[in-house]
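Visitor: Have a peek at protein-v6.csv (CSV, C-alpha atoms).
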```csv
chain,number,residue,atom,x,y,z
A,16,MET,CA,80.3,26.4,-161.1
A,17,VAL,CA,83.4,27.8,-159.4
A,18,MET,CA,82.7,29.8,-156.2
A,19,SER,CA,84.5,33.1,-156.1
A,20,GLY,CA,86.9,33.9,-153.3
A,21,ALA,CA,84.5,36.6,-151.8
A,22,LYS,CA,81.7,34.1,-151.5
A,23,ARG,CA,83.9,31.5,-149.8
A,24,LEU,CA,85.0,34.2,-147.3
A,25,ARG,CA,81.4,35.2,-146.5
A,26,ARG,CA,80.3,31.5,-146.1
A,27,GLY,CA,83.2,30.8,-143.8
A,28,SER,CA,82.4,33.8,-141.7
A,29,LEU,CA,78.7,32.7,-141.3
A,30,ILE,CA,79.7,29.2,-140.1
A,31,LEU,CA,82.1,30.7,-137.6
A,32,CYS,CA,79.4,32.9,-136.2
A,33,LEU,CA,77.0,30.0,-135.8
A,34,LEU,CA,79.6,28.0,-133.9
A,35,LEU,CA,80.3,30.9,-131.6
A,36,ALA,CA,76.6,31.5,-130.9
A,37,GLY,CA,76.2,27.8,-129.9
A,38,ALA,CA,79.1,27.9,-127.6
A,39,ALA,CA,77.7,31.0,-125.8
A,40,LEU,CA,74.5,29.1,-124.7
A,41,PRO,CA,74.5,28.2,-120.9
A,42,LEU,CA,74.8,24.4,-120.2
A,43,THR,CA,73.0,23.2,-117.0
A,44,PRO,CA,74.8,20.1,-115.6
A,45,ALA,CA,72.9,17.3,-113.9
A,46,PRO,CA,73.1,17.5,-110.1
A,47,VAL,CA,75.6,15.1,-108.5
A,48,LEU,CA,74.3,13.3,-105.4
A,49,ALA,CA,76.5,12.5,-102.5
A,50,LEU,CA,76.8,8.8,-101.4
A,51,SER,CA,74.9,9.6,-98.2
A,52,GLU,CA,72.1,11.1,-100.2
A,53,LEU,CA,71.8,8.1,-102.4
A,54,GLN,CA,71.4,5.8,-99.4
A,55,GLN,CA,68.8,7.9,-97.6
A,56,ILE,CA,65.3,6.3,-97.5
A,57,PRO,CA,62.3,8.6,-97.4
A,58,GLY,CA,61.2,9.1,-93.8
A,59,GLU,CA,64.7,9.2,-92.4
A,60,THR,CA,66.3,12.3,-90.9
A,61,ALA,CA,68.7,13.9,-93.3
A,62,GLY,CA,72.3,14.0,-92.1
A,63,ASN,CA,72.0,11.1,-89.7
A,64,PRO,CA,75.4,9.4,-89.9
A,65,ASP,CA,73.9,6.1,-88.6
A,66,ALA,CA,71.1,5.9,-91.2
A,67,GLY,CA,72.9,3.6,-93.7
A,68,SER,CA,70.6,1.4,-95.7
A,69,LYS,CA,68.3,0.3,-92.8
A,70,THR,CA,65.4,2.1,-91.1
A,71,ALA,CA,65.1,2.4,-87.4
A,72,PRO,CA,62.5,0.1,-85.8
A,73,PRO,CA,59.1,1.7,-85.5
A,74,ASP,CA,57.7,2.6,-82.1
A,75,ALA,CA,55.5,-0.5,-81.1
A,76,SER,CA,53.1,1.7,-79.2
A,77,SER,CA,52.3,3.8,-82.2
A,78,ASP,CA,52.3,1.0,-84.8
A,79,PRO,CA,48.7,0.3,-85.9
A,80,LEU,CA,49.7,-3.1,-87.3
A,81,GLN,CA,51.2,-4.5,-84.1
A,82,LEU,CA,50.1,-8.1,-83.5
A,83,PRO,CA,48.3,-9.0,-80.3
A,84,MET,CA,49.7,-11.5,-77.8
A,85,PRO,CA,48.3,-15.0,-78.4
A,86,ASP,CA,45.4,-16.1,-76.2
A,87,PRO,CA,45.2,-19.4,-74.4
A,88,LEU,CA,43.5,-22.2,-76.3
A,89,ILE,CA,40.9,-22.6,-73.5
A,90,ARG,CA,39.3,-19.3,-72.3
A,91,ARG,CA,37.7,-19.0,-69.0
A,92,GLU,CA,35.5,-16.2,-67.7
A,93,GLU,CA,37.1,-13.6,-65.4
A,94,GLY,CA,37.0,-14.6,-61.8
A,95,SER,CA,36.5,-18.3,-62.5
A,96,ALA,CA,39.1,-20.7,-61.1
A,97,GLN,CA,40.1,-24.0,-62.5
A,98,GLN,CA,38.8,-26.7,-60.3
A,99,PRO,CA,40.8,-29.9,-59.8
A,100,VAL,CA,39.4,-33.0,-61.4
A,101,GLU,CA,38.5,-35.7,-58.9
A,102,ASP,CA,37.9,-39.3,-59.7
A,103,ALA,CA,34.3,-40.4,-59.4
A,104,PRO,CA,33.7,-42.6,-56.4
A,105,ASP,CA,33.3,-46.3,-57.1
A,106,ALA,CA,29.9,-47.7,-56.7
A,107,GLU,CA,29.5,-49.5,-53.4
A,108,GLY,CA,30.1,-53.2,-53.7
A,109,ASP,CA,31.5,-52.8,-57.3
A,110,ASP,CA,34.5,-55.1,-57.6
A,111,ALA,CA,35.1,-54.3,-61.3
A,112,ASP,CA,37.7,-51.7,-60.6
A,113,GLN,CA,39.3,-53.4,-57.6
A,114,PRO,CA,43.0,-54.2,-58.1
A,115,GLN,CA,43.6,-57.8,-59.0
A,116,THR,CA,46.6,-59.9,-58.0
A,117,PRO,CA,48.8,-60.5,-61.1
A,118,VAL,CA,48.6,-64.1,-62.3
A,119,GLU,CA,52.0,-65.9,-62.5
A,120,VAL,CA,52.0,-67.9,-65.7
A,121,LEU,CA,54.3,-70.9,-65.6
A,122,TYR,CA,55.8,-72.8,-68.5
A,123,ASP,CA,58.5,-74.9,-66.7
A,124,ILE,CA,56.7,-78.0,-65.6
A,125,GLU,CA,59.6,-78.6,-63.2
A,126,LYS,CA,58.1,-75.9,-61.0
A,127,ALA,CA,55.1,-78.2,-60.3
A,128,PRO,CA,55.3,-81.0,-57.7
A,129,GLU,CA,56.4,-84.5,-59.0
A,130,PRO,CA,52.8,-86.0,-58.7
A,131,VAL,CA,51.5,-83.2,-60.9
A,132,ARG,CA,54.2,-83.7,-63.4
A,133,ARG,CA,53.6,-87.5,-63.6
A,134,MET,CA,49.9,-87.2,-64.0
A,135,ARG,CA,50.3,-84.6,-66.8
A,136,GLN,CA,52.8,-86.9,-68.6
A,137,LEU,CA,50.4,-89.9,-68.3
A,138,ILE,CA,47.5,-87.8,-69.8
A,139,VAL,CA,49.7,-86.6,-72.6
A,140,GLU,CA,50.9,-90.1,-73.5
A,141,ALA,CA,47.3,-91.5,-73.4
A,142,ALA,CA,45.9,-88.7,-75.6
A,143,ALA,CA,48.8,-88.9,-78.1
A,144,SER,CA,48.0,-92.6,-78.6
A,145,GLY,CA,44.7,-91.8,-80.3
A,146,ASP,CA,42.9,-94.4,-78.1
A,147,ILE,CA,40.5,-92.6,-75.7
A,148,GLN,CA,40.1,-95.8,-73.6
A,149,ARG,CA,43.7,-95.2,-72.3
A,150,LEU,CA,42.3,-92.3,-70.3
A,151,GLU,CA,40.0,-94.5,-68.3
A,152,PRO,CA,42.4,-95.5,-65.5
A,153,LEU,CA,43.5,-91.8,-65.1
A,154,LEU,CA,40.0,-90.5,-64.8
A,155,GLY,CA,39.4,-92.1,-61.4
A,156,LYS,CA,36.2,-93.5,-59.8
A,157,GLY,CA,33.8,-92.6,-57.1
A,158,LEU,CA,34.8,-89.6,-55.0
A,159,THR,CA,38.0,-89.2,-57.0
A,160,GLU,CA,36.3,-89.4,-60.4
A,161,THR,CA,37.4,-86.6,-62.8
A,162,GLN,CA,34.7,-84.1,-63.6
A,163,VAL,CA,34.2,-84.0,-67.4
A,164,SER,CA,30.8,-82.4,-67.6
A,165,GLY,CA,28.8,-79.6,-66.0
A,166,VAL,CA,25.9,-81.9,-65.6
A,167,GLU,CA,25.4,-85.2,-63.7
A,168,THR,CA,25.2,-88.3,-65.9
A,169,ASN,CA,25.2,-92.1,-65.5
A,170,GLU,CA,27.7,-92.4,-68.3
A,171,SER,CA,31.3,-93.2,-67.6
A,172,PRO,CA,33.8,-90.3,-68.0
A,173,VAL,CA,35.2,-91.9,-71.2
A,174,ASP,CA,31.7,-92.2,-72.8
A,175,THR,CA,30.9,-88.6,-71.9
A,176,LEU,CA,34.1,-87.4,-73.5
A,177,LYS,CA,33.4,-89.4,-76.6
A,178,GLY,CA,29.9,-87.9,-76.8
A,179,LEU,CA,31.5,-84.4,-76.6
A,180,SER,CA,33.9,-85.1,-79.4
A,181,GLY,CA,33.1,-84.2,-83.0
A,182,ASP,CA,33.9,-87.7,-84.1
A,183,PRO,CA,32.6,-91.1,-82.8
A,184,GLU,CA,36.1,-92.2,-81.7
A,185,GLY,CA,36.8,-89.3,-79.5
A,186,ILE,CA,39.9,-88.2,-81.5
A,187,GLU,CA,39.0,-84.6,-81.5
A,188,ILE,CA,38.7,-84.4,-77.7
A,189,LEU,CA,42.1,-86.0,-77.4
A,190,ALA,CA,43.5,-83.4,-79.7
A,191,ILE,CA,41.9,-80.6,-77.6
A,192,LEU,CA,43.4,-82.2,-74.4
A,193,LEU,CA,46.9,-82.2,-75.9
A,194,ASP,CA,46.5,-78.6,-77.0
A,195,VAL,CA,45.4,-77.4,-73.6
A,196,LEU,CA,48.2,-79.2,-71.8
A,197,ALA,CA,50.7,-77.6,-74.2
A,198,THR,CA,50.0,-74.1,-72.9
A,199,GLY,CA,51.3,-72.4,-69.9
A,200,PHE,CA,49.7,-73.1,-66.5
A,201,VAL,CA,49.0,-71.4,-63.2
A,202,HIS,CA,49.0,-72.5,-59.5
A,203,VAL,CA,45.8,-71.3,-57.8
A,204,GLY,CA,44.4,-71.7,-54.3
A,205,GLU,CA,47.7,-72.5,-52.7
A,206,GLY,CA,47.3,-73.7,-49.1
A,207,THR,CA,43.5,-74.1,-49.4
A,208,PRO,CA,41.3,-77.1,-50.2
A,209,ASP,CA,41.1,-75.7,-53.8
A,210,ASP,CA,44.8,-75.9,-54.3
A,211,LEU,CA,45.2,-76.7,-58.1
A,212,TYR,CA,47.5,-76.5,-61.1
A,213,VAL,CA,45.3,-75.4,-64.0
A,214,TRP,CA,45.8,-75.5,-67.8
A,215,PRO,CA,45.5,-73.3,-69.7
A,216,TYR,CA,46.4,-70.1,-67.8
A,217,PHE,CA,43.7,-68.2,-69.7
A,218,ALA,CA,41.2,-69.8,-67.3
A,219,GLU,CA,42.6,-67.7,-64.5
A,220,LYS,CA,43.8,-64.6,-66.3
A,221,PRO,CA,41.6,-61.7,-67.5
A,222,LEU,CA,41.4,-61.8,-71.3
A,223,ALA,CA,41.8,-58.0,-71.5
A,224,SER,CA,45.2,-58.3,-70.0
A,225,LEU,CA,46.6,-60.8,-72.5
A,226,THR,CA,49.7,-59.7,-74.4
A,227,PRO,CA,50.0,-60.1,-78.2
A,228,PRO,CA,52.0,-63.4,-77.8
A,229,GLU,CA,49.5,-64.7,-75.3
A,230,LYS,CA,46.6,-63.9,-77.7
A,231,VAL,CA,48.5,-66.0,-80.4
A,232,GLU,CA,48.7,-68.8,-77.9
A,233,LEU,CA,45.0,-68.5,-77.1
A,234,LEU,CA,44.1,-68.7,-80.8
A,235,ARG,CA,46.0,-71.9,-81.1
A,236,ILE,CA,43.2,-73.7,-79.2
A,237,VAL,CA,40.2,-71.6,-80.1
A,238,THR,CA,38.9,-69.6,-83.0
A,239,ALA,CA,38.6,-65.8,-83.3
A,240,GLY,CA,34.9,-66.2,-83.1
A,241,ASP,CA,35.3,-68.1,-79.8
A,242,VAL,CA,37.5,-65.3,-78.5
A,243,ALA,CA,34.9,-62.6,-79.4
A,244,ASP,CA,32.3,-64.6,-77.5
A,245,MET,CA,34.6,-64.9,-74.5
A,246,GLN,CA,35.3,-61.2,-74.5
A,247,GLU,CA,31.5,-60.6,-74.5
A,248,LEU,CA,31.1,-63.0,-71.7
A,249,GLY,CA,34.1,-61.6,-69.8
A,250,ALA,CA,36.0,-64.9,-69.2
A,251,TYR,CA,37.6,-67.9,-70.9
A,252,ASN,CA,35.0,-70.7,-71.3
A,253,PHE,CA,36.8,-73.4,-73.3
A,254,TYR,CA,38.3,-76.7,-72.0
A,255,ARG,CA,40.5,-76.6,-69.0
A,256,VAL,CA,42.5,-79.2,-66.9
A,257,GLY,CA,43.0,-79.2,-63.2
A,258,ILE,CA,45.4,-81.4,-61.2
A,259,THR,CA,45.8,-81.4,-57.5
A,260,PRO,CA,49.2,-81.2,-55.9
A,261,ASP,CA,49.0,-84.9,-54.9
A,262,GLY,CA,48.5,-85.8,-58.6
A,263,GLN,CA,44.7,-86.3,-58.8
A,264,TRP,CA,43.1,-85.4,-62.1
A,265,LYS,CA,40.4,-83.1,-60.8
A,266,PHE,CA,38.6,-82.0,-63.9
A,267,PHE,CA,38.6,-81.7,-67.7
A,268,PHE,CA,35.6,-79.7,-69.0
A,269,ALA,CA,34.5,-76.7,-70.9
A,270,GLY,CA,32.8,-73.7,-69.3
A,271,ASP,CA,33.5,-70.8,-67.0
```
What's the structure tokens form of this structure?
Guide:
Amino acid sequence: MVMSGAKRLRRGSLILCLLLAGAALPLTPAPVLALSELQQIPGETAGNPDAGSKTAPPDASSDPLQLPMPDPLIRREEGSAQQPVEDAPDAEGDDADQPQTPVEVLYDIEKAPEPVRRMRQLIVEAAASGDIQRLEPLLGKGLTETQVSGVETNESPVDTLKGLSGDPEGIEILAILLDVLATGFVHVGEGTPDDLYVWPYFAEKPLASLTPPEKVELLRIVTAGDVADMQELGAYNFYRVGITPDGQWKFFFAGD
């Protein structure tokens, strides 16, 4: 169907009226915020040029979440004063805590007198031979007889030593003698009738003061069980050798 010219005119006028009516409606644009207003955080004073993106620090006196100052780990009552700690007085006559003179351990046999060096060398040679009878001329007789036991006996020193050995030939006691003379030694009683050179130095040094290397040296001649017993006793109690400055073999025995 062909639309007449009058109808087309009326339709065009209607469309134009609708367009004009829409254009006449008021448009409300969205508010545009200034940069300073975008950066403002609630709680700040408007218009403050220094506000920026950070807030001013709160007043510590009015902040309910303020942390308290740390307390000392040890609290004392008010008015109490810290008293100085004094060492308890030593028990009268107790020598346990008395200072002891350090023991000088010697390893250089050249520091011993020549008679001492010669007797030691003769003992070493006799023990290394494996024949305990070779000790007999070195053990002395009468007043100069070497002490080899803590009890008196009618046996000769050689027979006593063989009886102390773990084998009938006395080989074990010879081995012990060599081990003892291979350790460091000490010079004790200098200038007195008890002037002696003593092997091993453990016989004159407190076991509690031994360094780790010295403990190793001790365990070369005794067992760990022996050391535990000695610590309980408080002293070395295995074999020891004593030689006087003039070369007399004074003793070779076990005990404290």
Visitor: What separation in Å, quoted to one decimal, exists between CA of Asp261 in chain A and CA of Gly157 in chain A?
Guide: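 Interatomic distance here is 17.2 Å.
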Visitor: Using CA of Glu125 in chain A and CA of Val256 in chain A as the two end points, give the distance in Å to one decimal.
Guide: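 Separating CA of Glu125 in chain A from CA of Val256 in chain A is a distance of 17.5 Å.
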Visitor: Just the number, please: distance in Å from CA of Phe253 in chain A to CA of Ala218 in chain A, one decimal.
Guide: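 It comes out at 8.3 Å.
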Visitor: Given the choices A:Arg133, A:Phe268, A:Thr161, A:Ile258, which gets closest to Phe200 in chain A if the distance is worked out from only C-alpha atoms?
Guide: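 Among A:Arg133, A:Phe268, A:Thr161, A:Ile258, it is A:Ile258 that comes nearest to Phe200 in chain A.
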Visitor: Near Ser164 in chain A, counting only C-alpha atoms, which residues have an atom at most 8 Å away, once you skip same-chain residues fewer than 3 positions from it, shown as a compact mmCIF listing (two decimals) with C-alpha atoms, keeping the file's coordinate frame?
Guide:
```txt
# COMPACT_ATOMS: atom_id res chain seq x y z
CA GLU A 167 25.40 -85.20 -63.70
CA THR A 175 30.90 -88.60 -71.90
CA PHE A 267 38.60 -81.70 -67.70
CA PHE A 268 35.60 -79.70 -69.00
CA ALA A 269 34.50 -76.70 -70.90
```
Visitor: Set the distance at 8 Å and use only C-alpha atoms: which residues neighbour range 180-188 of chain A once local chain neighbours fewer than 4 positions away are removed? I'd like the list as a ChimeraX atom specification.
Guide: /A:145-147,176,192
Visitor: Could you pull the residues within 9 Å of Tyr251 in chain A, counting only C-alpha atoms, minus those fewer than 4 positions along the same chain, as an NGL selection string?
Guide: :A and (217-222 or 242 or 245-246 or 270-271)
Visitor: Find the residues near Asp123 in chain A: any atom within 12 Å, counting all atoms listed in the file, skip ones fewer than 2 places away on the same chain, and give them as a list in words.
Guide: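 Near Asp123 in chain A, the qualifying residues are Glu119, Val120, Leu121, Glu125, Lys126, Ala127, Pro128, Arg132, Ala197, Thr198, Gly199, Phe200 and Val201 of chain A.
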Visitor: Env of Pro152 in chain A: 12 Å cut, atoms = all atoms listed in the file, seq-sep filter 3 positions within chain, self excluded. Answer as number ranges by chain.
Guide: A: 134, 137-138, 141, 147-149, 155-156, 159-161, 171-173, 263-264
Visitor: For Tyr216 in chain A, which residue out of A:Gly262, A:Ile191, A:Asp244, A:Asn252 is the nearest one, using only C-alpha atoms?
Guide: A:Asn252
Visitor: Complete the atom set of range 219-249 of chain A to N, CA and C atoms and return it as a short mmCIF file (atom, residue, chain, number, x, y, z; two decimals), in the coordinates of the input.
Guide:
```
data_model
loop_
_atom_site.label_atom_id
_atom_site.label_comp_id
_atom_site.auth_asym_id
_atom_site.auth_seq_id
_atom_site.Cartn_x
_atom_site.Cartn_y
_atom_site.Cartn_z
N GLU A 219 42.43 -68.45 -65.71
CA GLU A 219 42.60 -67.70 -64.50
C GLU A 219 43.13 -66.26 -64.74
N LYS A 220 43.29 -65.89 -65.99
CA LYS A 220 43.80 -64.60 -66.30
C LYS A 220 42.80 -63.78 -67.12
N PRO A 221 42.55 -62.51 -66.77
CA PRO A 221 41.60 -61.70 -67.50
C PRO A 221 42.00 -61.61 -69.01
N LEU A 222 41.06 -61.82 -69.90
CA LEU A 222 41.40 -61.80 -71.30
C LEU A 222 41.86 -60.42 -71.77
N ALA A 223 41.36 -59.37 -71.13
CA ALA A 223 41.80 -58.00 -71.50
C ALA A 223 43.22 -57.73 -71.22
N SER A 224 43.83 -58.53 -70.35
CA SER A 224 45.20 -58.30 -70.00
C SER A 224 46.21 -59.13 -70.78
N LEU A 225 45.72 -59.91 -71.75
CA LEU A 225 46.60 -60.80 -72.50
C LEU A 225 47.52 -59.93 -73.42
N THR A 226 48.78 -60.31 -73.49
CA THR A 226 49.70 -59.70 -74.40
C THR A 226 49.55 -60.24 -75.79
N PRO A 227 50.10 -59.59 -76.83
CA PRO A 227 50.00 -60.10 -78.20
C PRO A 227 50.46 -61.58 -78.31
N PRO A 228 51.62 -61.97 -77.74
CA PRO A 228 52.00 -63.40 -77.80
C PRO A 228 51.03 -64.31 -77.13
N GLU A 229 50.44 -63.85 -76.02
CA GLU A 229 49.50 -64.70 -75.30
C GLU A 229 48.18 -64.84 -76.13
N LYS A 230 47.82 -63.79 -76.87
CA LYS A 230 46.60 -63.90 -77.70
C LYS A 230 46.89 -64.92 -78.85
N VAL A 231 48.11 -64.96 -79.36
CA VAL A 231 48.50 -66.00 -80.40
C VAL A 231 48.30 -67.36 -79.77
N GLU A 232 48.77 -67.52 -78.52
CA GLU A 232 48.70 -68.80 -77.90
C GLU A 232 47.21 -69.22 -77.64
N LEU A 233 46.39 -68.25 -77.31
CA LEU A 233 45.00 -68.50 -77.10
C LEU A 233 44.33 -68.99 -78.43
N LEU A 234 44.70 -68.33 -79.54
CA LEU A 234 44.10 -68.70 -80.80
C LEU A 234 44.63 -69.99 -81.38
N ARG A 235 45.57 -70.60 -80.71
CA ARG A 235 46.00 -71.90 -81.10
C ARG A 235 45.02 -73.00 -80.65
N ILE A 236 44.18 -72.67 -79.66
CA ILE A 236 43.20 -73.70 -79.20
C ILE A 236 41.79 -73.28 -79.37
N VAL A 237 41.53 -72.02 -79.75
CA VAL A 237 40.20 -71.60 -80.10
C VAL A 237 40.19 -70.74 -81.31
N THR A 238 39.01 -70.44 -81.83
CA THR A 238 38.90 -69.60 -83.00
C THR A 238 38.72 -68.13 -82.62
N ALA A 239 38.86 -67.24 -83.59
CA ALA A 239 38.60 -65.80 -83.30
C ALA A 239 37.20 -65.55 -82.90
N GLY A 240 36.28 -66.30 -83.49
CA GLY A 240 34.90 -66.20 -83.10
C GLY A 240 34.68 -66.58 -81.63
N ASP A 241 35.39 -67.64 -81.20
CA ASP A 241 35.30 -68.10 -79.80
C ASP A 241 35.84 -66.96 -78.88
N VAL A 242 36.94 -66.32 -79.29
CA VAL A 242 37.50 -65.30 -78.50
C VAL A 242 36.56 -64.09 -78.35
N ALA A 243 35.89 -63.73 -79.45
CA ALA A 243 34.90 -62.60 -79.40
C ALA A 243 33.78 -62.98 -78.42
N ASP A 244 33.33 -64.22 -78.43
CA ASP A 244 32.30 -64.60 -77.50
C ASP A 244 32.79 -64.58 -76.05
N MET A 245 34.04 -64.98 -75.85
CA MET A 245 34.60 -64.90 -74.50
C MET A 245 34.75 -63.51 -74.00
N GLN A 246 35.14 -62.60 -74.88
CA GLN A 246 35.30 -61.20 -74.50
C GLN A 246 33.92 -60.62 -74.11
N GLU A 247 32.89 -61.04 -74.83
CA GLU A 247 31.50 -60.60 -74.50
C GLU A 247 31.09 -61.14 -73.16
N LEU A 248 31.46 -62.39 -72.93
CA LEU A 248 31.10 -63.00 -71.70
C LEU A 248 31.98 -62.50 -70.52
N GLY A 249 33.23 -62.17 -70.85
CA GLY A 249 34.10 -61.60 -69.80
C GLY A 249 35.06 -62.68 -69.23
#
```
